[in-house]
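Asks: Supplied structure: coords.tsv, TSV, C-alpha atoms.
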chain	number	residue	atom	x	y	z
A	396	MET	CA	-16.50	-0.79	-22.37
A	397	ALA	CA	-20.04	0.14	-23.36
A	398	LYS	CA	-20.60	-3.34	-24.82
A	399	VAL	CA	-19.28	-5.04	-21.66
A	400	THR	CA	-21.47	-2.86	-19.44
A	401	LYS	CA	-24.52	-3.56	-21.63
A	402	PHE	CA	-23.85	-7.31	-21.48
A	403	CYS	CA	-23.60	-7.20	-17.68
A	404	SER	CA	-26.85	-5.24	-17.43
A	405	LEU	CA	-28.66	-7.71	-19.68
A	406	LEU	CA	-27.28	-10.67	-17.75
A	407	HIS	CA	-28.60	-9.33	-14.44
A	408	SER	CA	-31.98	-8.21	-15.79
A	409	THR	CA	-32.94	-10.85	-18.41
A	410	CYS	CA	-33.99	-14.25	-17.10
A	411	GLY	CA	-33.58	-16.05	-20.45
A	412	LEU	CA	-30.01	-14.80	-20.95
A	413	LYS	CA	-29.06	-15.64	-17.36
A	414	GLU	CA	-30.37	-19.19	-17.68
A	415	ALA	CA	-28.56	-19.70	-20.99
A	416	PHE	CA	-25.38	-18.25	-19.49
A	417	GLU	CA	-25.56	-20.67	-16.54
A	418	ARG	CA	-26.14	-23.63	-18.85
A	419	GLN	CA	-23.13	-22.59	-20.91
A	420	TYR	CA	-20.66	-21.73	-18.16
A	421	GLY	CA	-22.09	-23.33	-15.00
A	422	ALA	CA	-24.45	-22.23	-12.26
A	423	ASN	CA	-21.64	-20.87	-10.09
A	424	ARG	CA	-20.29	-18.59	-12.82
A	425	SER	CA	-21.39	-14.95	-12.79
A	426	ILE	CA	-20.32	-11.47	-13.90
A	427	PRO	CA	-20.03	-8.88	-11.08
A	428	SER	CA	-21.81	-5.57	-11.50
A	429	ALA	CA	-19.80	-2.34	-11.59
A	430	VAL	CA	-20.19	0.29	-8.87
A	431	SER	CA	-19.92	3.86	-10.12
A	432	THR	CA	-17.86	5.02	-7.12
A	433	ARG	CA	-15.31	2.19	-7.29
A	434	TRP	CA	-13.07	1.94	-10.33
A	435	ASN	CA	-11.80	-1.49	-9.26
A	436	SER	CA	-15.32	-2.95	-9.57
A	437	THR	CA	-15.33	-1.95	-13.26
A	438	LEU	CA	-11.98	-3.67	-13.75
A	439	ARG	CA	-13.28	-6.84	-12.08
A	440	LEU	CA	-16.26	-6.73	-14.44
A	441	VAL	CA	-14.02	-6.50	-17.52
A	442	GLU	CA	-11.71	-9.20	-16.13
A	443	ALA	CA	-14.62	-11.58	-15.57
A	444	VAL	CA	-15.84	-11.06	-19.14
A	445	THR	CA	-12.40	-11.54	-20.72
A	446	ASP	CA	-11.98	-14.80	-18.80
A	447	LEU	CA	-14.79	-16.26	-20.92
A	448	ASP	CA	-14.29	-17.77	-24.35
A	449	PRO	CA	-15.04	-14.99	-26.88
A	450	GLN	CA	-16.53	-17.22	-29.59
A	451	SER	CA	-18.91	-19.05	-27.28
A	452	LEU	CA	-19.96	-15.75	-25.66
A	453	ASN	CA	-20.76	-14.14	-29.02
A	454	THR	CA	-22.67	-17.27	-30.08
A	455	LEU	CA	-24.67	-17.17	-26.85
A	456	LEU	CA	-25.55	-13.48	-27.29
A	457	GLU	CA	-26.60	-13.95	-30.91
A	458	ALA	CA	-28.76	-16.95	-30.01
A	459	GLN	CA	-30.56	-14.86	-27.39
A	460	GLY	CA	-31.11	-11.99	-29.85
A	461	HIS	CA	-28.53	-9.59	-28.39
A	462	LYS	CA	-26.04	-8.88	-31.16
A	463	GLY	CA	-25.20	-5.40	-29.88
A	464	PRO	CA	-22.85	-6.48	-27.03
A	465	CYS	CA	-20.92	-8.92	-29.26
A	466	LEU	CA	-17.18	-8.14	-29.21
A	467	SER	CA	-14.88	-8.21	-32.23
A	468	ALA	CA	-11.41	-9.77	-32.07
A	469	ARG	CA	-9.80	-6.32	-31.89
A	470	GLU	CA	-12.08	-5.19	-29.06
A	471	TRP	CA	-11.38	-8.41	-27.17
A	472	SER	CA	-7.63	-7.84	-27.55
A	473	GLN	CA	-7.98	-4.25	-26.31
A	474	LEU	CA	-9.87	-5.39	-23.22
A	475	LYS	CA	-7.27	-8.07	-22.47
A	476	GLU	CA	-4.52	-5.45	-22.66
A	477	LEU	CA	-6.54	-3.15	-20.41
A	478	VAL	CA	-6.90	-5.85	-17.77
A	479	GLU	CA	-3.20	-6.71	-17.96
A	480	MET	CA	-2.25	-3.06	-17.60
A	481	LEU	CA	-4.58	-2.22	-14.69
A	482	ALA	CA	-4.34	-5.48	-12.68
A	483	PRO	CA	-1.30	-4.21	-10.67
A	484	PHE	CA	-3.23	-1.00	-9.89
A	485	LEU	CA	-6.01	-3.16	-8.46
A	486	GLN	CA	-3.49	-4.95	-6.25
A	487	ALA	CA	-1.99	-1.64	-5.12
A	488	THR	CA	-5.45	-0.32	-4.23
A	489	ASP	CA	-6.18	-3.37	-2.09
A	490	LEU	CA	-2.78	-3.13	-0.35
A	491	THR	CA	-3.10	0.53	0.58
A	492	GLN	CA	-6.75	0.42	1.68
A	493	GLY	CA	-6.54	-2.55	4.05
A	494	GLU	CA	-7.76	-2.64	7.64
A	495	GLU	CA	-5.94	-3.97	10.71
A	496	VAL	CA	-2.75	-4.29	8.65
A	497	VAL	CA	0.20	-2.00	7.92
A	498	THR	CA	-0.56	0.01	4.77
A	499	LEU	CA	1.79	3.01	4.71
A	500	SER	CA	4.85	0.89	3.94
A	501	ALA	CA	3.25	-0.29	0.69
A	502	ALA	CA	2.74	3.22	-0.75
A	503	LEU	CA	6.25	3.89	-2.08
A	504	PRO	CA	6.95	0.34	-3.38
A	505	CYS	CA	3.55	0.31	-5.10
A	506	VAL	CA	4.17	3.61	-6.90
A	507	LEU	CA	7.64	2.62	-8.09
A	508	SER	CA	6.55	-0.88	-9.07
A	509	LEU	CA	3.61	0.53	-11.04
A	510	ASN	CA	5.97	2.87	-12.87
A	511	SER	CA	8.21	-0.08	-13.81
A	512	HIS	CA	5.15	-2.06	-14.88
A	513	LEU	CA	4.02	0.73	-17.20
A	514	ASN	CA	7.53	0.92	-18.67
A	515	SER	CA	7.35	-2.77	-19.53
A	516	MET	CA	3.82	-2.38	-20.96
A	517	LEU	CA	5.08	0.28	-23.39
A	518	ASN	CA	7.29	-2.32	-25.05
A	519	LYS	CA	4.57	-4.91	-25.63
A	520	THR	CA	1.24	-3.11	-25.96
A	521	ARG	CA	-0.39	-3.16	-29.38
A	522	HIS	CA	-3.50	-1.03	-28.93
A	523	LEU	CA	-3.14	1.11	-25.79
A	524	ALA	CA	0.27	2.80	-26.08
A	525	GLY	CA	-1.23	6.29	-25.75
A	526	PHE	CA	-3.24	5.24	-22.71
A	527	VAL	CA	-0.15	3.74	-21.05
A	528	LYS	CA	1.88	6.92	-21.64
A	529	ALA	CA	-0.89	9.13	-20.26
A	530	LEU	CA	-1.30	6.92	-17.20
A	531	GLN	CA	2.44	6.90	-16.50
A	532	LYS	CA	2.63	10.68	-16.87
A	533	SER	CA	-0.25	11.08	-14.43
A	534	LEU	CA	1.38	8.69	-11.95
A	535	GLN	CA	4.67	10.58	-12.03
A	536	ARG	CA	2.90	13.93	-11.62
A	537	ARG	CA	0.66	12.85	-8.74
A	538	PHE	CA	3.49	11.17	-6.81
A	539	ARG	CA	6.24	13.56	-7.83
A	540	GLY	CA	7.66	13.79	-4.32
A	541	ILE	CA	8.36	10.05	-4.23
A	542	PHE	CA	10.20	10.16	-7.55
A	543	ALA	CA	12.18	13.20	-6.39
A	544	ASN	CA	13.23	11.44	-3.18
A	545	VAL	CA	14.61	8.46	-5.11
A	546	ARG	CA	16.45	10.82	-7.48
A	547	THR	CA	14.47	9.96	-10.63
A	548	ASP	CA	12.79	13.39	-10.96
A	549	ASP	CA	14.89	16.48	-11.68
A	550	SER	CA	12.71	18.99	-9.86
A	551	ALA	CA	13.96	22.40	-8.80
A	552	GLN	CA	11.61	22.34	-5.80
A	553	PRO	CA	12.59	20.62	-2.56
A	554	ALA	CA	11.15	17.11	-2.40
A	555	GLY	CA	9.36	17.93	0.85
A	556	ASP	CA	7.25	20.57	-0.91
A	557	LEU	CA	6.06	18.15	-3.60
A	558	PRO	CA	3.08	15.75	-3.32
A	559	PHE	CA	3.99	12.64	-1.31
A	560	GLY	CA	7.46	14.06	-0.61
A	561	ASP	CA	7.38	13.24	3.10
A	562	MET	CA	10.26	10.99	4.18
A	563	VAL	CA	7.89	8.80	6.19
A	564	TYR	CA	7.09	6.83	3.01
A	565	MET	CA	10.75	5.85	2.61
A	566	MET	CA	11.26	5.00	6.28
A	567	SER	CA	8.10	2.90	6.47
A	568	ALA	CA	9.11	0.93	3.38
A	569	LEU	CA	12.49	0.13	4.96
A	570	LEU	CA	10.91	-0.90	8.27
A	571	ASP	CA	8.52	-3.34	6.60
A	572	PRO	CA	10.38	-6.65	6.16
A	573	SER	CA	8.26	-7.41	3.09
A	574	PHE	CA	9.85	-4.48	1.26
A	575	CYS	CA	13.04	-3.38	3.08
A	576	PHE	CA	15.39	-2.26	0.24
A	577	PHE	CA	14.05	-4.68	-2.38
A	578	TRP	CA	12.12	-1.91	-4.14
A	579	LEU	CA	15.30	0.18	-4.37
A	580	GLU	CA	17.13	-2.62	-6.16
A	581	GLN	CA	14.30	-3.56	-8.53
A	582	ASP	CA	12.19	-0.50	-9.32
A	583	VAL	CA	14.42	2.58	-9.02
A	584	LEU	CA	15.63	3.18	-12.56
A	585	ALA	CA	18.84	5.01	-11.68
A	586	PRO	CA	22.62	4.33	-11.67
A	587	ASP	CA	24.16	2.33	-8.82
A	588	GLU	CA	25.79	5.37	-7.23
A	589	VAL	CA	22.40	7.10	-7.04
A	590	THR	CA	20.72	4.10	-5.42
A	591	SER	CA	23.59	3.83	-2.93
A	592	GLU	CA	23.13	7.49	-2.05
A	593	VAL	CA	19.39	6.99	-1.53
A	594	LYS	CA	20.04	3.93	0.62
A	595	GLU	CA	22.44	5.83	2.88
A	596	MET	CA	19.96	8.71	3.16
A	597	ILE	CA	17.13	6.41	4.29
A	598	MET	CA	19.35	4.69	6.83
A	599	ASP	CA	20.38	8.09	8.24
A	600	LEU	CA	16.71	9.07	8.51
A	601	VAL	CA	15.88	5.93	10.47
A	602	LEU	CA	18.90	6.43	12.76
A	603	ALA	CA	17.88	10.03	13.43
A	604	GLU	CA	14.31	8.94	14.18
A	605	ALA	CA	15.62	6.23	16.52
A	606	ARG	CA	17.55	8.84	18.49
A	607	LYS	CA	14.42	11.00	18.80
A	608	VAL	CA	12.25	8.10	19.94
A	609	THR	CA	14.86	6.93	22.45
A	610	ILE	CA	15.17	10.43	23.93
A	611	LEU	CA	11.38	10.64	24.31
A	612	ALA	CA	11.28	7.20	25.95
A	613	GLU	CA	14.09	8.08	28.34
A	614	SER	CA	12.52	11.42	29.26
A	615	SER	CA	9.15	9.80	29.98
A	616	SER	CA	10.74	7.08	32.09
A	617	GLY	CA	12.79	9.71	33.89
A	618	GLU	CA	9.65	11.61	34.83
A	619	ASP	CA	8.14	8.42	36.23
A	620	ASN	CA	11.19	7.83	38.44
A	621	LYS	CA	11.61	11.39	39.73
A	622	GLY	CA	10.78	10.46	43.29
A	623	GLU	CA	13.36	7.64	43.39
A	624	GLU	CA	16.51	9.62	42.58
A	625	PRO	CA	19.65	8.51	44.44
A	626	PRO	CA	21.53	11.03	46.55
A	627	ALA	CA	23.71	13.34	44.50
A	628	LYS	CA	27.41	12.57	44.35
A	629	THR	CA	30.08	15.08	45.19
A	630	PRO	CA	30.79	17.04	41.98
A	631	ARG	CA	34.23	16.62	40.42
A	632	LEU	CA	35.80	18.51	37.56
A	633	PHE	CA	35.54	17.11	34.02
A	634	THR	CA	33.97	13.80	35.12
A	635	GLY	CA	31.10	14.02	32.65
A	636	TYR	CA	33.09	14.68	29.49
A	637	ARG	CA	34.16	11.20	28.44
A	638	LYS	CA	31.14	9.48	29.97
A	639	LYS	CA	28.61	11.53	27.99
A	640	SER	CA	30.36	11.24	24.66
A	641	LYS	CA	30.83	7.52	25.16
A	642	LYS	CA	27.14	7.03	25.89
A	643	LYS	CA	26.15	8.90	22.73
A	644	ASP	CA	28.62	6.99	20.56
A	645	ASP	CA	27.48	3.67	22.02
A	646	HIS	CA	23.87	4.51	21.27
A	647	VAL	CA	24.55	5.49	17.65
A	648	SER	CA	26.67	2.42	16.99
A	649	SER	CA	24.12	0.09	18.60
A	650	VAL	CA	21.24	1.49	16.57
A	651	LYS	CA	23.26	1.23	13.38
A	652	ALA	CA	24.22	-2.34	14.24
A	653	GLU	CA	20.54	-3.15	14.77
A	654	LEU	CA	19.66	-1.63	11.41
A	655	ILE	CA	22.38	-3.54	9.55
A	656	ARG	CA	21.35	-6.77	11.27
A	657	TYR	CA	17.70	-6.11	10.42
A	658	ILE	CA	18.55	-5.65	6.71
A	659	GLN	CA	20.50	-8.91	6.77
A	660	VAL	CA	17.57	-10.76	8.35
A	661	CYS	CA	15.14	-9.38	5.75
A	662	SER	CA	17.46	-10.39	2.91
A	663	GLY	CA	18.01	-13.89	4.29
A	664	GLU	CA	14.41	-14.92	4.97
A	665	GLU	CA	12.00	-15.43	2.09
A	666	ASP	CA	8.61	-15.21	3.84
A	667	GLN	CA	8.22	-11.86	5.65
A	668	ALA	CA	4.63	-11.06	4.69
A	669	ASP	CA	3.35	-10.32	8.23
A	670	CYS	CA	4.90	-7.00	9.20
A	671	LEU	CA	3.26	-6.67	12.63
A	672	GLY	CA	4.00	-10.31	13.44
A	673	PHE	CA	7.65	-9.80	12.54
A	674	TRP	CA	8.05	-6.84	14.91
A	675	ASN	CA	6.15	-8.60	17.70
A	676	ARG	CA	8.52	-11.56	17.42
A	677	ASN	CA	11.65	-9.41	17.19
A	678	ALA	CA	10.83	-6.60	19.62
A	679	LYS	CA	13.67	-7.70	21.92
A	680	VAL	CA	16.06	-8.45	19.08
A	681	PHE	CA	15.73	-4.91	17.64
A	682	PRO	CA	14.51	-2.86	20.63
A	683	ARG	CA	15.40	0.58	19.27
A	684	LEU	CA	14.16	-0.11	15.74
A	685	TYR	CA	10.99	-1.56	17.25
A	686	LEU	CA	10.16	1.84	18.79
A	687	VAL	CA	10.68	3.56	15.43
A	688	ALA	CA	8.63	0.94	13.58
A	689	MET	CA	5.68	1.27	15.96
A	690	ARG	CA	5.78	5.04	15.52
A	691	VAL	CA	6.12	5.11	11.73
A	692	LEU	CA	4.03	2.11	10.67
A	693	ALA	CA	0.99	3.27	12.65
A	694	VAL	CA	0.20	5.88	9.97
A	695	PRO	CA	-2.50	4.68	7.51
A	696	ALA	CA	-1.74	5.07	3.81
A	697	THR	CA	-5.26	6.21	2.90
A	698	SER	CA	-8.43	7.41	4.58
A	699	ALA	CA	-10.43	4.46	3.23
A	700	PRO	CA	-10.79	2.60	6.58
A	701	VAL	CA	-12.17	5.77	8.24
A	702	GLU	CA	-14.53	6.40	5.33
A	703	ARG	CA	-15.89	2.86	5.71
A	704	VAL	CA	-16.86	3.65	9.30
A	705	PHE	CA	-18.92	6.64	8.14
A	706	SER	CA	-20.47	4.52	5.36
A	707	HIS	CA	-21.51	1.92	7.92
A	708	GLY	CA	-22.94	4.69	10.07
A	709	GLY	CA	-24.99	5.92	7.12
A	710	LEU	CA	-26.34	2.43	6.51
A	711	ILE	CA	-27.37	2.08	10.16
A	712	MET	CA	-28.84	5.56	10.74
A	713	ARG	CA	-31.96	5.22	8.63
A	714	PRO	CA	-35.14	7.31	9.09
A	715	HIS	CA	-36.93	4.40	10.77
A	716	ARG	CA	-34.07	4.19	13.29
A	717	ALA	CA	-34.17	7.88	14.25
A	718	ARG	CA	-34.58	7.15	17.98
A	719	LEU	CA	-31.34	5.23	18.45
A	720	SER	CA	-29.31	6.34	21.45
A	721	ALA	CA	-25.65	7.28	21.02
A	722	ARG	CA	-24.55	4.16	22.92
A	723	THR	CA	-26.68	1.82	20.81
A	724	LEU	CA	-25.55	3.52	17.60
A	725	SER	CA	-21.85	3.20	18.44
A	726	SER	CA	-22.35	-0.48	19.34
A	727	LEU	CA	-24.09	-1.18	16.01
A	728	ILE	CA	-21.33	0.58	14.03
A	729	PHE	CA	-18.69	-1.40	15.94
A	730	LEU	CA	-20.45	-4.70	15.19
A	731	LYS	CA	-20.97	-3.77	11.53
A	732	CYS	CA	-17.26	-2.85	11.06
A	733	ASN	CA	-16.07	-6.04	12.75
A	734	HIS	CA	-18.41	-8.12	10.60
A	735	SER	CA	-17.14	-6.52	7.38
A	736	VAL	CA	-13.48	-7.06	8.41
A	737	ALA	CA	-14.15	-10.71	9.24
As C-alpha cells - that is how I would like this structure written.

Replies:
Amino acid sequence: MAKVTKFCSLLHSTCGLKEAFERQYGANRSIPSAVSTRWNSTLRLVEAVTDLDPQSLNTLLEAQGHKGPCLSAREWSQLKELVEMLAPFLQATDLTQGEEVVTLSAALPCVLSLNSHLNSMLNKTRHLAGFVKALQKSLQRRFRGIFANVRTDDSAQPAGDLPFGDMVYMMSALLDPSFCFFWLEQDVLAPDEVTSEVKEMIMDLVLAEARKVTILAESSSGEDNKGEEPPAKTPRLFTGYRKKSKKKDDHVSSVKAELIRYIQVCSGEEDQADCLGFWNRNAKVFPRLYLVAMRVLAVPATSAPVERVFSHGGLIMRPHRARLSARTLSSLIFLKCNHSVA
C-alpha cells in the first residue's frame, strides 16, 4: 500500500513521470488520488494501479529513476486479492449512500451478501486469509442484529436489542422488488425450515404494518368527513357482530393476497431495479402494500446524504462570504446539492 501511494504521489507531482506514463498508457489514463476520509477512494486507487500491466509499470518506474515503488509479483498478487475482496464493499457503500433513491432496502441484502462473499474468499485466497477472517468477524459483530433476525446468530439477547436488530431492515428488503426474498434464498446460510420460518415472520410483520397504516388512513379520512355523517340508524341488538368480524377478516385476507401476488410479480419479472418506479406504477394494483412501502422505504440507510448538505454549506460559507443572507445561503446550498446529484 505504501508503494502504491508513493507511486500515485509521484505521478501527480513529477512532470517527467506523468508525461512518460501518458506516452505508455495514453493521455486519458490516470490514477485517482486517495482521500484520507474516504476508504473507497483508496480502493479505487489500488484498483487503477492493478489494472495496469505490472512489468511495463516497473520498467517505466525504473527508467524514470524511481525503483522504490516497484512491486514484486507477490505484492501484485496481494493487491489483486485485496481489490477482489473489497470490491463488493465498494458497491455496498455506493448503494447505501445514494441520494434520491431508496437505500434502506439494500442494507440487509448487502450485509448478508458480503458475508457470503467473504465465505467464498476464504476458500480461494492465497495471501489474505487472516484479513478475510478478521473482516468477516467484524462484519458479524457490527451487524449482529441482522444475523440474529435471520437465525444465523445464536445470541441470548433479543434481536431488537442488538445493533441493526430493527425489523424495518427486513420489511424494507421485502418491499423492494429488486430484493424481495431473493437474499433469503441465496445468502442465508441456514436449513430450509429456518428460512421458511424467517419468511413467514417477515410476511407477518408486513401484514401487521399494513393493518396499522390502514387504520391510520381510515382515522384521518374519518376526521375529514366528520361533518358529513349520515343520520344514525335505529339501534338493533347484535347487528354489529358478524359485520365487524367479516370486515376484519376481509381486510386481512386482501392484504395477504396482495402480498402473495406481489411476491409472484417480483419472482416473474427480471428487471425490477427501479423501486420507486415500481410502486408508482403499481400503487393501484397493491394499494395497501403501497401505503406500507411509502412508510418503510422513506427511511435512509445512512446519514451520508445529510452530511453532504453540511459539507456543501461549509464550502459555500467562506470568510469572504461572511455577509450572505440566510435566503441567499439556502439558495446556494440548494443549487450546489442539485448540481452534485446531477

Asks: With distances taken over only C-alpha atoms, which residue among A:Arg537, A:Leu455, A:Val430, A:Gln450 lies nearest Glu417 of chain A?

Replies: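 Of all the options, A:Leu455 lies closest to Glu417 of chain A.
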
Asks: Need the shell around Arg469 of chain A: protein/DNA/RNA residues with any atom at most 12 Å away, counting only C-alpha atoms. Skip same-chain ones fewer than 3 positions apart. Format as a list of chain:residue names?

Replies: A:Pro449, A:Cys465, A:Leu466, A:Ser472, A:Gln473, A:Leu474, A:Lys475, A:Glu476, A:Arg521, A:His522, A:Leu523

Asks: Give me, as a short mmCIF file (atom, residue, chain, number, x, y, z; two decimals) with C-alpha atoms, keeping the file's coordinate frame, all polymer residues having an atom no more than 12 Å from Leu481 of chain A, counting all atoms listed in the file and skipping those fewer than 2 positions away in the same chain.

Replies:
data_model
loop_
_atom_site.label_atom_id
_atom_site.label_comp_id
_atom_site.auth_asym_id
_atom_site.auth_seq_id
_atom_site.Cartn_x
_atom_site.Cartn_y
_atom_site.Cartn_z
CA TRP A 434 -13.07 1.94 -10.33
CA ASN A 435 -11.80 -1.49 -9.26
CA SER A 436 -15.32 -2.95 -9.57
CA THR A 437 -15.33 -1.95 -13.26
CA LEU A 438 -11.98 -3.67 -13.75
CA ARG A 439 -13.28 -6.84 -12.08
CA VAL A 441 -14.02 -6.50 -17.52
CA GLU A 442 -11.71 -9.20 -16.13
CA LEU A 474 -9.87 -5.39 -23.22
CA LYS A 475 -7.27 -8.07 -22.47
CA GLU A 476 -4.52 -5.45 -22.66
CA LEU A 477 -6.54 -3.15 -20.41
CA VAL A 478 -6.90 -5.85 -17.77
CA GLU A 479 -3.20 -6.71 -17.96
CA PRO A 483 -1.30 -4.21 -10.67
CA PHE A 484 -3.23 -1.00 -9.89
CA LEU A 485 -6.01 -3.16 -8.46
CA GLN A 486 -3.49 -4.95 -6.25
CA ALA A 487 -1.99 -1.64 -5.12
CA THR A 488 -5.45 -0.32 -4.23
CA LEU A 509 3.61 0.53 -11.04
CA ASN A 510 5.97 2.87 -12.87
CA HIS A 512 5.15 -2.06 -14.88
CA LEU A 513 4.02 0.73 -17.20
CA MET A 516 3.82 -2.38 -20.96
CA LEU A 523 -3.14 1.11 -25.79
CA PHE A 526 -3.24 5.24 -22.71
CA VAL A 527 -0.15 3.74 -21.05
CA LEU A 530 -1.30 6.92 -17.20
CA GLN A 531 2.44 6.90 -16.50
#

Asks: If you measure from atom CA of Ala543 of chain A to atom CA of Leu654 of chain A, what distance in Å do you get, rounded to one decimal?

Replies: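 Going from atom CA of Ala543 of chain A over to atom CA of Leu654 of chain A covers 24.3 Å.
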
Asks: Quick one: distance from atom CA of Val399 of chain A to atom CA of Gly525 of chain A in Å, one decimal?

Replies: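 Computed distance, atom CA of Val399 of chain A to atom CA of Gly525 of chain A, equals 21.7 Å.
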
Asks: Measure the distance from atom CA of Arg722 of chain A to atom CA of Glu702 of chain A in Å and round it to one decimal.

Replies: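 Result for atom CA of Arg722 of chain A versus atom CA of Glu702 of chain A: 20.4 Å, one decimal.
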
Asks: Please list, as a PyMOL selection string, the residues that have an atom at most 10 Å away from (13.8, 0.4, 11.5) in the coordinates of this file, counting all atoms listed in the file.

Replies: chain A and resi 566-572+575+597-598+600-602+604-605+650-651+653-655+657-658+674+681-689+691-692

Asks: Using only C-alpha atoms, which residue out of A:Ser408, A:Ser511, A:Gly540, A:Asn453 lies closest to Gln581 of chain A?

Replies: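 Between A:Ser408, A:Ser511, A:Gly540, A:Asn453, the residue approaching Gln581 of chain A most closely is A:Ser511.
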
Asks: Excluding Arg539 of chain A and its own-chain neighbours fewer than 2 positions away, which residues fall within 12 Å of it when counting only C-alpha atoms? Please give them as a PDB file with C-alpha atoms, keeping the file's coordinate frame.

Replies:
ATOM      1  CA  LEU A 503       6.250   3.890  -2.080  1.00  0.00           C
ATOM      2  CA  VAL A 506       4.170   3.610  -6.900  1.00  0.00           C
ATOM      3  CA  LEU A 507       7.640   2.620  -8.090  1.00  0.00           C
ATOM      4  CA  ASN A 510       5.970   2.870 -12.870  1.00  0.00           C
ATOM      5  CA  GLN A 531       2.440   6.900 -16.500  1.00  0.00           C
ATOM      6  CA  LYS A 532       2.630  10.680 -16.870  1.00  0.00           C
ATOM      7  CA  SER A 533      -0.250  11.080 -14.430  1.00  0.00           C
ATOM      8  CA  LEU A 534       1.380   8.690 -11.950  1.00  0.00           C
ATOM      9  CA  GLN A 535       4.670  10.580 -12.030  1.00  0.00           C
ATOM     10  CA  ARG A 536       2.900  13.930 -11.620  1.00  0.00           C
ATOM     11  CA  ARG A 537       0.660  12.850  -8.740  1.00  0.00           C
ATOM     12  CA  ILE A 541       8.360  10.050  -4.230  1.00  0.00           C
ATOM     13  CA  PHE A 542      10.200  10.160  -7.550  1.00  0.00           C
ATOM     14  CA  ALA A 543      12.180  13.200  -6.390  1.00  0.00           C
ATOM     15  CA  ASN A 544      13.230  11.440  -3.180  1.00  0.00           C
ATOM     16  CA  VAL A 545      14.610   8.460  -5.110  1.00  0.00           C
ATOM     17  CA  ARG A 546      16.450  10.820  -7.480  1.00  0.00           C
ATOM     18  CA  THR A 547      14.470   9.960 -10.630  1.00  0.00           C
ATOM     19  CA  ASP A 548      12.790  13.390 -10.960  1.00  0.00           C
ATOM     20  CA  ASP A 549      14.890  16.480 -11.680  1.00  0.00           C
ATOM     21  CA  SER A 550      12.710  18.990  -9.860  1.00  0.00           C
ATOM     22  CA  ALA A 551      13.960  22.400  -8.800  1.00  0.00           C
ATOM     23  CA  GLN A 552      11.610  22.340  -5.800  1.00  0.00           C
ATOM     24  CA  PRO A 553      12.590  20.620  -2.560  1.00  0.00           C
ATOM     25  CA  ALA A 554      11.150  17.110  -2.400  1.00  0.00           C
ATOM     26  CA  GLY A 555       9.360  17.930   0.850  1.00  0.00           C
ATOM     27  CA  ASP A 556       7.250  20.570  -0.910  1.00  0.00           C
ATOM     28  CA  LEU A 557       6.060  18.150  -3.600  1.00  0.00           C
ATOM     29  CA  PRO A 558       3.080  15.750  -3.320  1.00  0.00           C
ATOM     30  CA  PHE A 559       3.990  12.640  -1.310  1.00  0.00           C
ATOM     31  CA  GLY A 560       7.460  14.060  -0.610  1.00  0.00           C
ATOM     32  CA  ASP A 561       7.380  13.240   3.100  1.00  0.00           C
TER      33      ASP A 561
END

Asks: Using all atoms listed in the file, which of A:Ala603, A:Ala696, A:Lys413, A:Leu406 sits nearest Thr491 of chain A?

Replies: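 For Thr491 of chain A, the nearest of the candidates is A:Ala696.
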
Asks: Tell me which of A:Phe416, A:Phe538, A:Trp471, A:Tyr564 sits closest to Ala693 of chain A, counting only C-alpha atoms.

Replies: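 Of A:Phe416, A:Phe538, A:Trp471, A:Tyr564, the one nearest Ala693 of chain A, counting only C-alpha atoms, is A:Tyr564.
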
Asks: Would you mind listing what lies within 10 Å of Ser451 of chain A as a ChimeraX atom specification, with all atoms listed in the file counted and same-chain residues fewer than 5 positions away left out?

Replies: /A:419-420,456-457

Asks: Store the residues picked out above, limited to C-alpha atoms, as a tab-separated table (two decimals), in the coordinates of the input.

Replies:
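The result, stored in part_9.tsv:
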chain	number	residue	atom	x	y	z
A	419	GLN	CA	-23.13	-22.59	-20.91
A	420	TYR	CA	-20.66	-21.73	-18.16
A	456	LEU	CA	-25.55	-13.48	-27.29
A	457	GLU	CA	-26.60	-13.95	-30.91

Asks: Between A:Val583, A:Leu405, A:Val704, A:Val660, which residue has the minimum interatomic distance to Lys462 of chain A, considering all atoms listed in the file?

Replies: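 Under the stated criterion, the closest residue is A:Leu405.
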
Asks: Kindly indicate which residue among A:Lys528, A:Arg690, A:Arg424, A:Arg418 lies nearest to Val497 of chain A, using all atoms listed in the file for the distances.

Replies: A:Arg690
